[in-house]
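**Student:** Structure file start26.txt (compact mmCIF, C-alpha atoms) right here:
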# COMPACT_ATOMS: atom_id res chain seq x y z
CA ALA D 1 27.19 17.03 -94.91
CA GLN D 2 30.03 16.43 -92.55
CA THR D 3 31.55 12.96 -92.41
CA VAL D 4 33.28 11.23 -89.54
CA THR D 5 35.67 8.36 -90.21
CA GLN D 6 36.93 5.77 -87.78
CA SER D 7 39.34 3.64 -89.75
CA GLN D 8 39.94 1.01 -87.07
CA PRO D 9 36.91 -1.31 -86.78
CA GLU D 10 38.61 -3.31 -84.03
CA MET D 11 41.49 -2.77 -81.66
CA SER D 12 42.91 -4.56 -78.67
CA VAL D 13 45.07 -3.51 -75.74
CA GLN D 14 46.74 -5.26 -72.87
CA GLU D 15 45.38 -4.37 -69.47
CA ALA D 16 47.30 -1.43 -67.92
CA GLU D 17 48.68 -0.39 -71.30
CA THR D 18 47.81 2.65 -73.41
CA VAL D 19 45.76 2.61 -76.59
CA THR D 20 44.83 5.32 -79.09
CA LEU D 21 41.68 5.26 -81.18
CA SER D 22 41.66 7.30 -84.36
CA CYS D 23 39.00 9.60 -85.75
CA THR D 24 39.06 12.01 -88.66
CA TYR D 25 36.32 14.27 -89.90
CA ASP D 26 35.56 16.42 -92.85
CA THR D 27 34.13 19.89 -92.44
CA SER D 28 34.36 23.41 -93.78
CA GLU D 29 33.12 24.91 -90.54
CA SER D 30 35.40 26.65 -88.07
CA ASP D 31 33.38 26.16 -84.91
CA TYR D 32 32.04 22.81 -83.79
CA TYR D 33 32.14 20.19 -81.07
CA LEU D 34 33.71 16.76 -81.06
CA PHE D 35 32.82 13.88 -78.78
CA TRP D 36 33.81 10.36 -77.92
CA TYR D 37 31.07 8.01 -76.76
CA LYS D 38 31.51 4.60 -75.19
CA GLN D 39 29.02 1.77 -75.66
CA PRO D 40 29.73 -1.18 -73.35
CA PRO D 41 27.93 -4.54 -73.72
CA SER D 42 25.04 -3.07 -71.73
CA ARG D 43 24.56 -1.00 -74.95
CA GLN D 44 24.10 2.26 -73.03
CA MET D 45 25.74 5.18 -74.83
CA ILE D 46 28.02 7.06 -72.43
CA LEU D 47 29.73 10.38 -73.11
CA VAL D 48 33.46 9.96 -72.49
CA ILE D 49 34.93 13.29 -73.48
CA ARG D 50 34.05 16.51 -75.29
CA GLN D 51 36.20 19.00 -77.21
CA GLU D 52 35.26 22.47 -78.41
CA ALA D 53 36.92 23.36 -81.68
CA TYR D 54 37.87 26.90 -80.66
CA LYS D 55 39.80 25.61 -77.66
CA GLN D 56 43.35 24.63 -78.52
CA GLN D 57 43.90 22.76 -75.29
CA ASN D 58 43.20 19.06 -75.52
CA ALA D 59 40.42 17.80 -73.27
CA THR D 60 41.17 15.25 -70.57
CA GLU D 61 38.95 13.20 -68.27
CA ASN D 62 40.94 11.07 -65.84
CA ARG D 63 42.52 8.27 -67.93
CA PHE D 64 40.95 9.54 -71.15
CA SER D 65 42.51 12.29 -73.23
CA VAL D 66 42.27 13.50 -76.78
CA ASN D 67 44.72 14.69 -79.37
CA PHE D 68 42.84 17.35 -81.30
CA GLN D 69 44.54 18.48 -84.48
CA LYS D 70 42.20 21.04 -86.01
CA ALA D 71 44.17 21.66 -89.19
CA ALA D 72 44.46 17.96 -89.85
CA LYS D 73 40.82 17.39 -88.82
CA SER D 74 41.89 14.64 -86.49
CA PHE D 75 40.48 13.78 -83.06
CA SER D 76 42.05 10.71 -81.50
CA LEU D 77 41.21 9.25 -78.09
CA LYS D 78 43.95 7.99 -75.80
CA ILE D 79 43.08 5.60 -73.00
CA SER D 80 45.83 5.24 -70.41
CA ASP D 81 46.20 2.41 -67.92
CA SER D 82 43.52 0.41 -69.73
CA GLN D 83 41.08 -1.49 -67.56
CA LEU D 84 38.81 -4.42 -68.30
CA GLY D 85 35.84 -2.09 -67.96
CA ASP D 86 37.12 -0.04 -70.90
CA ALA D 87 36.16 -2.85 -73.27
CA ALA D 88 33.42 -1.38 -75.44
CA MET D 89 32.50 0.09 -78.78
CA TYR D 90 33.74 3.66 -79.09
CA PHE D 91 32.08 6.20 -81.35
CA CYS D 92 33.51 9.50 -82.47
CA ALA D 93 30.96 12.24 -83.13
CA TYR D 94 30.91 15.72 -84.62
CA ARG D 95 28.35 18.37 -83.80
CA SER D 96 27.86 21.38 -86.01
CA ARG D 97 27.32 24.78 -84.43
CA TYR D 98 25.62 26.01 -87.58
CA THR D 99 23.73 23.45 -89.64
CA GLY D 100 20.85 22.83 -87.28
CA ASN D 101 23.15 21.61 -84.55
CA GLN D 102 23.35 18.29 -86.30
CA PHE D 103 25.38 15.38 -85.01
CA TYR D 104 27.44 13.06 -87.20
CA PHE D 105 28.80 9.73 -85.98
CA GLY D 106 31.60 7.47 -87.08
CA THR D 107 31.02 3.74 -87.53
CA GLY D 108 32.74 2.85 -84.28
CA THR D 109 35.83 1.04 -83.02
CA SER D 110 35.43 -2.11 -80.95
CA LEU D 111 38.03 -2.18 -78.19
CA THR D 112 39.05 -5.43 -76.51
CA VAL D 113 41.06 -5.34 -73.28
CA ILE D 114 43.24 -8.39 -72.75
CA PRO D 115 43.84 -9.39 -69.12
CA GLU U 1 18.00 12.60 -62.20
CA ALA U 2 18.52 13.99 -65.69
CA GLN U 3 17.65 11.29 -68.14
CA VAL U 4 16.09 10.15 -71.36
CA THR U 5 13.50 7.44 -70.79
CA GLN U 6 12.88 5.13 -73.68
CA ASN U 7 10.38 2.27 -73.75
CA PRO U 8 10.18 -0.60 -74.31
CA ARG U 9 13.69 -1.99 -74.03
CA TYR U 10 12.84 -5.09 -76.01
CA LEU U 11 10.08 -5.63 -78.54
CA ILE U 12 9.26 -8.50 -80.84
CA THR U 13 6.48 -7.87 -83.32
CA VAL U 14 5.08 -9.18 -86.56
CA THR U 15 5.29 -7.59 -89.97
CA GLY U 16 2.68 -4.92 -90.49
CA LYS U 17 1.59 -4.45 -86.90
CA LYS U 18 1.85 -0.78 -85.99
CA LEU U 19 4.04 0.07 -83.01
CA THR U 20 5.27 3.08 -81.08
CA VAL U 21 8.50 3.48 -79.17
CA THR U 22 8.22 6.20 -76.58
CA CYS U 23 10.90 8.69 -75.60
CA SER U 24 10.76 11.29 -72.88
CA GLN U 25 13.40 13.64 -71.47
CA ASN U 26 13.33 15.71 -68.28
CA MET U 27 16.09 18.20 -69.11
CA ASN U 28 14.04 20.74 -71.06
CA HIS U 29 16.16 20.02 -74.12
CA GLU U 30 15.02 21.49 -77.41
CA TYR U 31 16.86 19.05 -79.65
CA MET U 32 15.77 15.41 -79.84
CA SER U 33 16.63 12.69 -82.27
CA TRP U 34 16.12 9.03 -83.16
CA TYR U 35 18.87 6.71 -84.37
CA ARG U 36 19.10 3.14 -85.43
CA GLN U 37 22.25 1.14 -84.86
CA ASP U 38 23.19 -1.78 -87.09
CA PRO U 39 26.44 -3.78 -87.09
CA GLY U 40 29.11 -2.15 -89.23
CA LEU U 41 26.95 0.87 -89.99
CA GLY U 42 27.23 2.77 -86.74
CA LEU U 43 24.45 5.14 -85.75
CA ARG U 44 22.20 6.39 -88.48
CA GLN U 45 19.79 9.21 -87.85
CA ILE U 46 16.11 8.56 -88.57
CA TYR U 47 14.44 11.82 -87.60
CA TYR U 48 15.25 14.80 -85.47
CA SER U 49 13.40 17.67 -83.89
CA MET U 50 14.73 21.11 -83.06
CA ASN U 51 11.70 22.13 -81.05
CA VAL U 52 7.98 21.52 -80.52
CA GLU U 53 6.18 20.92 -83.81
CA VAL U 54 9.50 21.10 -85.71
CA THR U 55 10.72 17.79 -87.09
CA ASP U 56 12.90 16.84 -90.02
CA LYS U 57 14.19 13.76 -91.77
CA GLY U 58 17.55 12.27 -91.01
CA ASP U 59 19.47 9.85 -93.19
CA VAL U 60 17.10 6.87 -93.03
CA PRO U 61 13.51 8.13 -92.50
CA GLU U 62 11.66 5.68 -94.76
CA GLY U 63 9.12 3.61 -92.85
CA TYR U 64 9.16 5.80 -89.75
CA LYS U 65 7.11 8.68 -88.38
CA VAL U 66 7.66 10.99 -85.44
CA SER U 67 5.80 13.73 -83.66
CA ARG U 68 6.79 16.48 -81.23
CA LYS U 69 3.65 17.81 -79.62
CA GLU U 70 5.34 18.47 -76.31
CA LYS U 71 8.91 19.45 -75.61
CA ARG U 72 9.66 16.43 -73.45
CA ASN U 73 8.23 13.68 -75.69
CA PHE U 74 9.38 12.42 -79.08
CA PRO U 75 7.77 9.08 -79.99
CA LEU U 76 8.90 6.96 -82.92
CA ILE U 77 6.12 5.32 -84.88
CA LEU U 78 6.41 2.38 -87.25
CA GLU U 79 3.13 2.25 -89.13
CA SER U 80 3.82 -1.05 -90.90
CA PRO U 81 7.03 -2.61 -89.61
CA SER U 82 9.08 -4.83 -91.88
CA PRO U 83 11.93 -7.23 -91.08
CA ASN U 84 14.52 -4.75 -92.39
CA GLN U 85 13.56 -2.49 -89.50
CA THR U 86 14.91 -5.03 -87.04
CA SER U 87 17.55 -3.00 -85.24
CA LEU U 88 18.67 -1.31 -82.05
CA TYR U 89 17.03 2.08 -81.67
CA PHE U 90 18.18 5.03 -79.60
CA CYS U 91 16.46 8.22 -78.63
CA ALA U 92 18.70 11.13 -77.67
CA SER U 93 18.29 14.71 -76.53
CA SER U 94 20.63 17.64 -76.27
CA GLY U 95 20.92 21.21 -75.17
CA THR U 96 22.49 23.68 -77.57
CA ASP U 97 26.14 23.36 -76.65
CA TYR U 98 26.49 19.88 -75.35
CA GLY U 99 26.54 16.29 -76.41
CA TYR U 100 23.68 13.92 -76.47
CA THR U 101 22.07 12.21 -73.53
CA PHE U 102 20.90 8.85 -74.83
CA GLY U 103 18.06 6.62 -73.81
CA SER U 104 18.78 3.00 -72.91
CA GLY U 105 17.91 1.71 -76.36
CA THR U 106 15.14 -0.46 -77.77
CA ARG U 107 15.97 -3.79 -79.34
CA LEU U 108 13.28 -4.30 -81.99
CA THR U 109 12.77 -7.56 -83.83
CA VAL U 110 10.24 -7.74 -86.66
CA VAL U 111 9.35 -11.26 -87.76
For this file, produce the structure as structure tokens.
**Tutor:**
Amino acid sequence: AQTVTQSQPEMSVQEAETVTLSCTYDTSESDYYLFWYKQPPSRQMILVIRQEAYKQQNATENRFSVNFQKAAKSFSLKISDSQLGDAAMYFCAYRSRYTGNQFYFGTGTSLTVIP
Amino acid sequence: EAQVTQNPRYLITVTGKKLTVTCSQNMNHEYMSWYRQDPGLGLRQIYYSMNVEVTDKGDVPEGYKVSRKEKRNFPLILESPSPNQTSLYFCASSGTDYGYTFGSGTRLTVV
């Protein structure tokens, strides 16, 4: 089974600054999807950004962007101009295109935004 | 509005009293799944379903049952809940090429 590793259980960032959350994964597949989900204190799981493995271009969504390094199996999330509302737990996820379309989640990174 | 509706949001029950958490989606998704979330452990999959009448175990299926009689509904059943099933539960659904849409979560406490 694929594994997803988030090695930073907690991180903090000053408001308006930039922070990068790390995610690595292990797979032998060539085609898959990667996601970042945000879980604020309301506990709702919100899709932040999605990357398709066959696309070399890094995905961006407003202040959120990824650095997708397929060979290194790395998928980091960069949050620019951090806002207080960005404070949340962030989960990295992998979705297989082959093995029953299964999802695999990391253990999460708790982000604190300091005013 | 496209959504996954999960009920109840909060539930306190006693050990051994059967309960069902309902999940319904209105997006005609084939893939549905149940997760539990515990501190430090992230999201762990309980069961998933790839279509009507097709279900399979995830990583932590012990003590849980599911059914998929209709495409839109995927209830989670705890036949005899125990305190170690106290957790935050999420239902999620997905189309083939996209990420999950999650329900709002159910905070279950078993005393």
**Student:** Neighbours of Phe90 of chain U within 9 Å (only C-alpha atoms; same-chain residues fewer than 3 positions away dropped), as a VMD selection string?
**Tutor:** (chain D and resid 45) or (chain U and resid 6 33 to 37 43 102 to 106)
**Student:** Env of Tyr37 of chain D: 12 Å cut, atoms = all atoms listed in the file, seq-sep filter 5 positions within chain, self excluded. Answer as a ChimeraX atom specification.
**Tutor:** /D:21,43-50,64,77,86,88-94,105-110 /U:42-43,99-102
**Student:** Could you tell me how far atom CA of Val110 of chain U lies from atom CA of Pro9 of chain D, in Å and to one decimal?
**Tutor:**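 A separation of 27.4 Å between them.
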**Student:** Would you list the contacts of Ser96 of chain D as number ranges by chain, taking every protein, DNA or RNA residue within 8 Å and counting only C-alpha atoms, but skipping same-chain residues closer than 6 positions in sequence?
**Tutor:** D: 29, 31-33, 102-103
**Student:** Place a sphere of radius 12 Å on (37.9, -8.4, -70.1) in the file coordinates and name every protein, DNA or RNA residue with an atom inside or on its surface, counting all atoms listed in the file; give the answer as a PyMOL selection string.
**Tutor:** chain D and resi 12-16+40-41+82-88+111-115
**Student:** Output C-alpha atoms of each residue in that selection to a file, as a PDB file, in the coordinates of the input.
**Tutor:**
ATOM      1  CA  SER D  12      42.910  -4.560 -78.670  1.00  0.00           C
ATOM      2  CA  VAL D  13      45.070  -3.510 -75.740  1.00  0.00           C
ATOM      3  CA  GLN D  14      46.740  -5.260 -72.870  1.00  0.00           C
ATOM      4  CA  GLU D  15      45.380  -4.370 -69.470  1.00  0.00           C
ATOM      5  CA  ALA D  16      47.300  -1.430 -67.920  1.00  0.00           C
ATOM      6  CA  PRO D  40      29.730  -1.180 -73.350  1.00  0.00           C
ATOM      7  CA  PRO D  41      27.930  -4.540 -73.720  1.00  0.00           C
ATOM      8  CA  SER D  82      43.520   0.410 -69.730  1.00  0.00           C
ATOM      9  CA  GLN D  83      41.080  -1.490 -67.560  1.00  0.00           C
ATOM     10  CA  LEU D  84      38.810  -4.420 -68.300  1.00  0.00           C
ATOM     11  CA  GLY D  85      35.840  -2.090 -67.960  1.00  0.00           C
ATOM     12  CA  ASP D  86      37.120  -0.040 -70.900  1.00  0.00           C
ATOM     13  CA  ALA D  87      36.160  -2.850 -73.270  1.00  0.00           C
ATOM     14  CA  ALA D  88      33.420  -1.380 -75.440  1.00  0.00           C
ATOM     15  CA  LEU D 111      38.030  -2.180 -78.190  1.00  0.00           C
ATOM     16  CA  THR D 112      39.050  -5.430 -76.510  1.00  0.00           C
ATOM     17  CA  VAL D 113      41.060  -5.340 -73.280  1.00  0.00           C
ATOM     18  CA  ILE D 114      43.240  -8.390 -72.750  1.00  0.00           C
ATOM     19  CA  PRO D 115      43.840  -9.390 -69.120  1.00  0.00           C
TER      20      PRO D 115
END
**Student:** For Phe35 of chain D, which residue among D:Thr18, D:Ser80, D:Ser74, D:Arg63 is the nearest when counting all atoms listed in the file?
**Tutor:**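 Using all atoms listed in the file, Phe35 of chain D sits closest to D:Ser74.
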**Student:** Go through D:Thr24, D:Ser76, D:Thr60, D:Thr5 and flag the residue nearest chain U, using all atoms listed in the file for the distances.
**Tutor:**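 Checking each of D:Thr24, D:Ser76, D:Thr60, D:Thr5 against chain U, counting all atoms listed in the file, the winner is D:Thr5.
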**Student:** What is the distance, in Å and to one decimal place, between atom CA of Ala59 of chain D and atom CA of Met27 of chain U?
**Tutor:**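 For atom CA of Ala59 of chain D relative to atom CA of Met27 of chain U, the distance reads 24.7 Å.
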**Student:** Compare D:Ser7, D:Tyr25, D:Tyr104, D:Ala71 by their minimum atom-to-atom distance to chain U, counting only C-alpha atoms, and give me the closest one.
**Tutor:**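 Of D:Ser7, D:Tyr25, D:Tyr104, D:Ala71, the one nearest chain U is D:Tyr104, counting only C-alpha atoms.
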**Student:** Which residue, U:Ser67, U:Thr55, U:Asn73, U:Ser82, has the smallest gap to Asn28 of chain U when you use only C-alpha atoms?
**Tutor:** U:Asn73
**Student:** At what distance in Å, to one decimal, does atom CA of Lys18 of chain U lie from atom CA of Cys91 of chain U?
**Tutor:**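 Between atom CA of Cys91 of chain U and atom CA of Lys18 of chain U the gap is 18.7 Å.
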**Student:** Pick out the closest residue to Ser28 of chain D from this set: D:Gln2, D:Asn67, D:Ser42, D:Gln51. Count all atoms listed in the file.
**Tutor:**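 Closest to Ser28 of chain D, using all atoms listed in the file: D:Gln2.
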**Student:** Excluding Val52 of chain U and its own-chain neighbours fewer than 5 positions away, which residues fall within 6 Å of it when counting all atoms listed in the file? Please give them as a compact mmCIF listing (two decimals) with C-alpha atoms, in the coordinates of the input.
**Tutor:**
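See result_10.txt below for the written result:
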# COMPACT_ATOMS: atom_id res chain seq x y z
CA ARG U 68 6.79 16.48 -81.23
CA LYS U 69 3.65 17.81 -79.62
CA GLU U 70 5.34 18.47 -76.31
CA LYS U 71 8.91 19.45 -75.61
**Student:** Got a sec to check which residues sit within 10 Å of (14.6, 11.8, -91.7), counting all atoms listed in the file, and write them as a ChimeraX atom specification?
**Tutor:** /U:33-35,44-49,55-66
**Student:** Around all listed atoms of segment 49-65 of chain U, padded 8 Å per side, what centre and edge lengths does the axis-aligned box have in Å to one decimal, as AutoDock Vina command-line options?
**Tutor:**
--center_x 12.8 --center_y 12.9 --center_z -87.6 --size_x 29.3 --size_y 34.5 --size_z 30.2
**Student:** Using all atoms listed in the file, determine which residues lie at most 10 Å from Thr96 of chain U, disregarding the query and same-chain residues fewer than 3 positions distant; provide the list as an MDAnalysis selection string.
**Tutor:** (chainID D and resid 97 100:101) or (chainID U and resid 29:31 50 93 99:100)
**Student:** Calculated over only C-alpha atoms, which of the candidates U:Thr15, U:Ser24, U:Asn51, U:Asn84 has the smallest distance to chain D?
**Tutor:**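 Closest residue, counting only C-alpha atoms: U:Asn51.
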**Student:** Taking the partial coordinates given, rebuild segment 88-105 of chain U to contain N, CA, C and O atoms; return it as a compact mmCIF listing (two decimals), in the coordinates of the input.
**Tutor:**
# COMPACT_ATOMS: atom_id res chain seq x y z
N LEU U 88 18.59 -1.94 -83.37
CA LEU U 88 18.67 -1.31 -82.05
C LEU U 88 18.42 0.18 -82.23
O LEU U 88 19.10 0.82 -83.02
N TYR U 89 17.44 0.69 -81.51
CA TYR U 89 17.03 2.08 -81.67
C TYR U 89 17.39 2.89 -80.43
O TYR U 89 17.21 2.44 -79.29
N PHE U 90 17.86 4.11 -80.68
CA PHE U 90 18.18 5.03 -79.60
C PHE U 90 17.47 6.35 -79.80
O PHE U 90 17.47 6.91 -80.90
N CYS U 91 16.92 6.85 -78.71
CA CYS U 91 16.46 8.22 -78.63
C CYS U 91 17.53 9.03 -77.92
O CYS U 91 18.21 8.50 -77.01
N ALA U 92 17.70 10.29 -78.31
CA ALA U 92 18.70 11.13 -77.67
C ALA U 92 18.19 12.56 -77.61
O ALA U 92 17.41 12.99 -78.47
N SER U 93 18.64 13.29 -76.61
CA SER U 93 18.29 14.71 -76.53
C SER U 93 19.54 15.51 -76.19
O SER U 93 20.52 14.96 -75.65
N SER U 94 19.47 16.80 -76.49
CA SER U 94 20.63 17.64 -76.27
C SER U 94 20.23 19.09 -76.07
O SER U 94 19.27 19.57 -76.69
N GLY U 95 20.99 19.76 -75.22
CA GLY U 95 20.92 21.21 -75.17
C GLY U 95 21.74 21.77 -76.32
O GLY U 95 22.30 21.02 -77.12
N THR U 96 21.87 23.06 -76.40
CA THR U 96 22.49 23.68 -77.57
C THR U 96 23.98 23.38 -77.68
O THR U 96 24.48 23.11 -78.76
N ASP U 97 24.68 23.42 -76.57
CA ASP U 97 26.14 23.36 -76.65
C ASP U 97 26.74 22.10 -76.08
O ASP U 97 27.91 22.06 -75.76
N TYR U 98 25.97 21.07 -75.99
CA TYR U 98 26.49 19.88 -75.35
C TYR U 98 26.26 18.65 -76.21
O TYR U 98 25.68 18.70 -77.28
N GLY U 99 26.75 17.55 -75.72
CA GLY U 99 26.54 16.29 -76.41
C GLY U 99 25.18 15.72 -76.09
O GLY U 99 24.39 16.30 -75.36
N TYR U 100 24.93 14.61 -76.69
CA TYR U 100 23.68 13.92 -76.47
C TYR U 100 23.63 13.24 -75.10
O TYR U 100 24.64 12.74 -74.60
N THR U 101 22.40 13.19 -74.55
CA THR U 101 22.07 12.21 -73.53
C THR U 101 21.19 11.18 -74.22
O THR U 101 20.19 11.53 -74.85
N PHE U 102 21.60 9.92 -74.12
CA PHE U 102 20.90 8.85 -74.83
C PHE U 102 19.95 8.10 -73.90
O PHE U 102 20.20 7.96 -72.71
N GLY U 103 18.88 7.59 -74.50
CA GLY U 103 18.06 6.62 -73.81
C GLY U 103 18.77 5.28 -73.76
O GLY U 103 19.87 5.12 -74.30
N SER U 104 18.15 4.31 -73.13
CA SER U 104 18.78 3.00 -72.91
C SER U 104 18.71 2.09 -74.12
O SER U 104 19.28 1.00 -74.10
N GLY U 105 17.99 2.51 -75.14
CA GLY U 105 17.91 1.71 -76.36
C GLY U 105 16.72 0.77 -76.37
O GLY U 105 16.26 0.31 -75.32
